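> Would you mind keeping the following structure in view while I ask a few things?
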2 protein chains.
Amino acid sequence: MSVTFQNNVPATKLDWLSAVKEDLERVTEKIRTVSFLDNELLDGAVNMIIAGGGKRMRPAITLLVGRAVGADYDKTISVAASIELLHTATLVHDDLIDGAQERRGIRTLHSKLPMGVTVLTGDFLFAQSAALASEAENVEIVQTFSRTLVEICKGEILQAQTRWQIRPREEYNRRIYGKTAALFEAAAVSAAILGDLPQVHREAYATFGRELGMAFQIVDDALDFVSDTRKLGKPAGHDLQHGIITLPVFYYLEDNDLSPDDFLDQIQSEDTIDDAVLAVRDSGAPRKALEEARQYLQRGVDALDIVDWSEPLDDLMALTQYVATRDY
Amino acid sequence: MSVTFQNNVPATKLDWLSAVKEDLERVTEKIRTVSFLDNELLDGAVNMIIAGGGKRMRPAITLLVGRAVGADYDKTISVAASIELLHTATLVHDDLIDGAQERRGIRTLHSKLPMGVTVLTGDFLFAQSAALASEAENVEIVQTFSRTLVEICKGEILQAQTRWQIRPREEYNRRIYGKTAALFEAAAVSAAILGDLPQVHREAYATFGRELGMAFQIVDDALDFVSDTRKLGKPAGHDLQHGIITLPVFYYLEDNDLSPDDFLDQIQSEDTIDDAVLAVRDSGAPRKALEEARQYLQRGVDALDIVDWSEPLDDLMALTQYVATRDY
């Protein structure tokens with residue numbers, strides 16, 4: 001089967017979300033159970049984070065691929081919960097590092113707790129996500145899990161160390177692979193492993209997940225310029241204000257033949273940073289980034305040409321379409 | 001076989017260290033390989049930490065039990081490396097949380113790097129220790145690993161949240177179990193799992209490791225009062241100065257019928273904290289704590305009564321004896 005994205009056919013979130021709603025509730029319940037620390041202060045704060053946990057797109061991928069390949073149901077739930085909790089753990093540390101006060105309108109853990117307790121709570125959530133991964137009793141799943149965590153850390157370290165620098169475009173790709181796409185890849189391939197698929201089909205799902213993840217992050221980076229605060233759950237231009245250079249900036253500089261050093265000067269001054277955000281927003285750069293995201297999505301979908309098609313993959317395509325067209 | 005500790009027969013570190021020297025070099029080499037980030041700044045700093053890695057008592061336990069039970073050699077090395085790297089990762093976050101500038105005479109990572117990069121480097125080392133654990137290709141090993149990390153985080157969170165408080169003695173036990181004994185337990189039981197021992201023998205090794213770990217931490221807590229800075233690698237009275245209440249304090253308060261609140265007042269004032277450290281040091285409290293540590297060791301050794309004895313266990317007994325009598 002071949003699927004092509006049409007820019008003028010937006011998919012709504014509900015198309016895929018309703019397909020996995022009940023299973024996602026089981027996933028959330030599982031996360032809630034293992035995140036309980038019997039510690040009044042922490043459990044309240046952790047529960048808020050879990051409840052505010054966004055779209056749950058990563059576990060939805062695991063659930064849908066799991067259905068398509070006939071993976072064991074309970075193990076799929078455990079692995080989907082592991083993937084989402086790993087994501088949550090990284091957010092706890094990221095928000096601490098960024099000094100972010102809120103995420104999706106909910107106060108971050110570190111805005112309420114001492115730094116040390118926040119670091120340790122993130123560690124605890126990492127530990128519990130590893131425990132959930134091991135519930136699948138499958139060595140390859142656990143190896144996928146630890147390799148993914150390694151990639152996430154490498155991506156985050158790269159980001160932390162290259163703020164306020166304009167690095168080669170290739171490094172942006174490596175960075176967003178680690179930061180985002182590695183976990184999407186793990187979400188898809190884990191289900192393929194549970195389904196005991198042949199290697200070539202596992203790789204197809206891995207590619208699908210990876211390209212979807214790259215697209216997701218590129219869309220996120222484009223929306224950071226063009227969306228408003230309410231929809232994004234954080235102020236527009238947030239990345240640039242934290243010295244994080246994303247794909248729209250590469251296009252903006254290239255299209256306008258601008259000097260990277262001049263641009264860096266502009267974003268490092270309080271007087272000119274807002275103008276820089278507006279200039280990128282009003283250029284063709286965000287649209288070009290979104291175009292590129294759609295190319296990633298198309299490659300991801302093409303990778304699935306070789307796998308056996310079944311109904312859950314239609315829902316997975318709706319999820320993919322949603323990434324291409326989400327609130328813009 | 002039954003072993004009894006004699007206070008007047010000190011074992012030297014060399015008795016057990018020479019038995020595992022070569023294997024420990026392989027463990028260190030393995031840790032070094034996976035800790036490489038291809039990042040000039042970080043790799044230098046991480047290498048310093050690994051090189052300065054203290055006694056390597058935890059992997060030595062895994063290696064010696066592994067030999068005694070005929071565990072697969074390569075898998076034992078991987079698991080021993082995983083245990084030591086997990087320990088290293090926790091130290092990176094602990095030192096950050098404590099604000100410690102050096103450990104064993106080597107500058108801590110966070111004294112050289114921004115907070116964010118330190119958090120992420122600790123996360124990266126956690127991830128790689130999970131990857132090493134998964135190299136054993138044994139689900140029970142991985143489950144032991146993640147359960148242990150959960151216990152460590154719980155212990156550290158408890159410690160971070162109960163500073164400057166005198167809590168029930170039972171909570172001290174829970175705290176040091178998480179902080180230290182859980183990993184000693186994992187070090188011993190992992191090798192028993194690799195050796196495919198029957199459940200009752202695994203439990204014997206688990207008990208041995210756990211009691212050894214409890215003793216190790218109690219000795220550490222006693223040495224914190226009586227040892228000098230050079231031997232300890234950190235200033236004496238360090239725990240009390242950070243509001244961490246340890247076993248000698250419980251004995252000191254009990255023996256002298258002192259009010260916990262008065263003692264807390266004393267250690268929270270710069271004028272009186274040094275006197276408080278000296279008062280505990282010069283009381284019978286550290287000696288009583290060491291006595292209690294020896295009881296833990298004896299219980300640990302007694303647990304091994306049921307296992308088949310072989311030469312590597314003699315080396316393990318030398319290691320145990322070393323914990324009872326190390327630099328005092």
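A note on labels: chains of the structure tokens are A, B, ... as shown, every chain counts residues from 1, and ligands are counted from 1 in their shown order.
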Against chain A, which residues of chain B fall within 7 Å? For each one I want the closest pair of atoms and the distance in Å (one decimal), counting only C-alpha atoms, rows by chain and increasing residue number, as JSON lines.


```
{"residue": "B:Ile97", "atom": "CA", "partner": "A:Gly116", "partner_atom": "CA", "distance": 4.8}
{"residue": "B:Gly116", "atom": "CA", "partner": "A:Ile97", "partner_atom": "CA", "distance": 4.8}
{"residue": "B:Val117", "atom": "CA", "partner": "A:Ile157", "partner_atom": "CA", "distance": 6.1}
{"residue": "B:Leu120", "atom": "CA", "partner": "A:Cys153", "partner_atom": "CA", "distance": 6.0}
{"residue": "B:Asp123", "atom": "CA", "partner": "A:Cys153", "partner_atom": "CA", "distance": 6.6}
{"residue": "B:Phe124", "atom": "CA", "partner": "A:Cys153", "partner_atom": "CA", "distance": 5.3}
{"residue": "B:Ala127", "atom": "CA", "partner": "A:Val150", "partner_atom": "CA", "distance": 5.3}
{"residue": "B:Gln128", "atom": "CA", "partner": "A:Val150", "partner_atom": "CA", "distance": 6.5}
{"residue": "B:Ala130", "atom": "CA", "partner": "A:Ser146", "partner_atom": "CA", "distance": 5.8}
{"residue": "B:Ala131", "atom": "CA", "partner": "A:Ser146", "partner_atom": "CA", "distance": 5.1}
{"residue": "B:Ser134", "atom": "CA", "partner": "A:Gln143", "partner_atom": "CA", "distance": 5.9}
{"residue": "B:Glu137", "atom": "CA", "partner": "A:Val139", "partner_atom": "CA", "distance": 5.7}
{"residue": "B:Asn138", "atom": "CA", "partner": "A:Val139", "partner_atom": "CA", "distance": 6.7}
{"residue": "B:Val139", "atom": "CA", "partner": "A:Glu137", "partner_atom": "CA", "distance": 5.7}
{"residue": "B:Val142", "atom": "CA", "partner": "A:Ser134", "partner_atom": "CA", "distance": 6.5}
{"residue": "B:Gln143", "atom": "CA", "partner": "A:Ser134", "partner_atom": "CA", "distance": 5.9}
{"residue": "B:Ser146", "atom": "CA", "partner": "A:Ala131", "partner_atom": "CA", "distance": 5.1}
{"residue": "B:Arg147", "atom": "CA", "partner": "A:Ala131", "partner_atom": "CA", "distance": 6.6}
{"residue": "B:Leu149", "atom": "CA", "partner": "A:Ala127", "partner_atom": "CA", "distance": 5.6}
{"residue": "B:Val150", "atom": "CA", "partner": "A:Ala127", "partner_atom": "CA", "distance": 5.3}
{"residue": "B:Cys153", "atom": "CA", "partner": "A:Phe124", "partner_atom": "CA", "distance": 5.3}
{"residue": "B:Ile157", "atom": "CA", "partner": "A:Val117", "partner_atom": "CA", "distance": 6.1}
{"residue": "B:Ala160", "atom": "CA", "partner": "A:Val117", "partner_atom": "CA", "distance": 6.5}
```

> Which neighbours of Ile49 of chain A fall inside 8 Å, counting only C-alpha atoms, when residues of the same chain fewer than 3 positions from it are skipped, and could you give them as a list in words?

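Residues near the query, excluding close chain neighbours: Ala45, Val46, Gly52, Gly53, Thr88, Ile106, Thr108 and Leu109 of chain A.
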
> Would you mind listing what lies within 12 Å of segment 274-284 of chain A as a PyMOL selection string, with only C-alpha atoms counted and same-chain residues fewer than 5 positions away left out?

chain A and resi 221-228+235-243+245-256+258+262-269+289-291

> Considering only C-alpha atoms, return as an NGL selection string whatever protein or nucleic-acid residues lie within 10 Å of Leu313 of chain A, sequence-local ones (same chain, fewer than 6 positions apart) excluded.

:A and (61 or 64-69 or 304 or 319)

> Based on the selection just made, write C-alpha atoms of those residues as a compact mmCIF listing (two decimals), in the first residue's frame.


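Everything below was put into out.txt:
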```txt
# COMPACT_ATOMS: atom_id res chain seq x y z
CA ILE A 61 2.55 4.11 17.99
CA LEU A 64 -1.04 0.44 16.91
CA VAL A 65 2.03 -1.39 15.57
CA GLY A 66 1.52 -4.00 18.30
CA ARG A 67 -2.02 -4.60 17.06
CA ALA A 68 -0.92 -4.75 13.44
CA VAL A 69 1.74 -7.39 14.14
CA LEU A 304 6.11 0.29 5.35
CA LEU A 319 -1.55 9.49 13.37
```

> Find the distance between atom CA of Ala318 of chain A and atom CA of Glu292 of chain A and write it in Å to one decimal.

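Atom-to-atom, atom CA of Ala318 of chain A and atom CA of Glu292 of chain A are spaced 19.0 Å apart.
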
> What does the distance from atom CA of Ala89 of chain B to atom CA of Asp220 of chain B come to in Å, to one decimal?

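Distance between the two atoms: 19.5 Å.
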
> What is the distance between atom CA of Ile77 of chain B and atom CA of Ile31 of chain B, in Å to one decimal?

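Between these atoms lies a distance of 10.1 Å.
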
> Let me make sure I understand: among A:Ile166, A:Ala71, A:Ala293, A:Val34, which one has the smallest atom-to-atom distance to Val189 of chain A if we use only C-alpha atoms?

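Once distances to Val189 of chain A are computed over only C-alpha atoms, the minimum belongs to A:Ala71.
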
> Just the helix (DSSP H, G or I) stuff from segment 13-152 of chain B, please, per backbone DSSP, written as an MDAnalysis selection string.

chainID B and resid 14:34 40:51 57:69 73:98 109:111 115:135 139:152
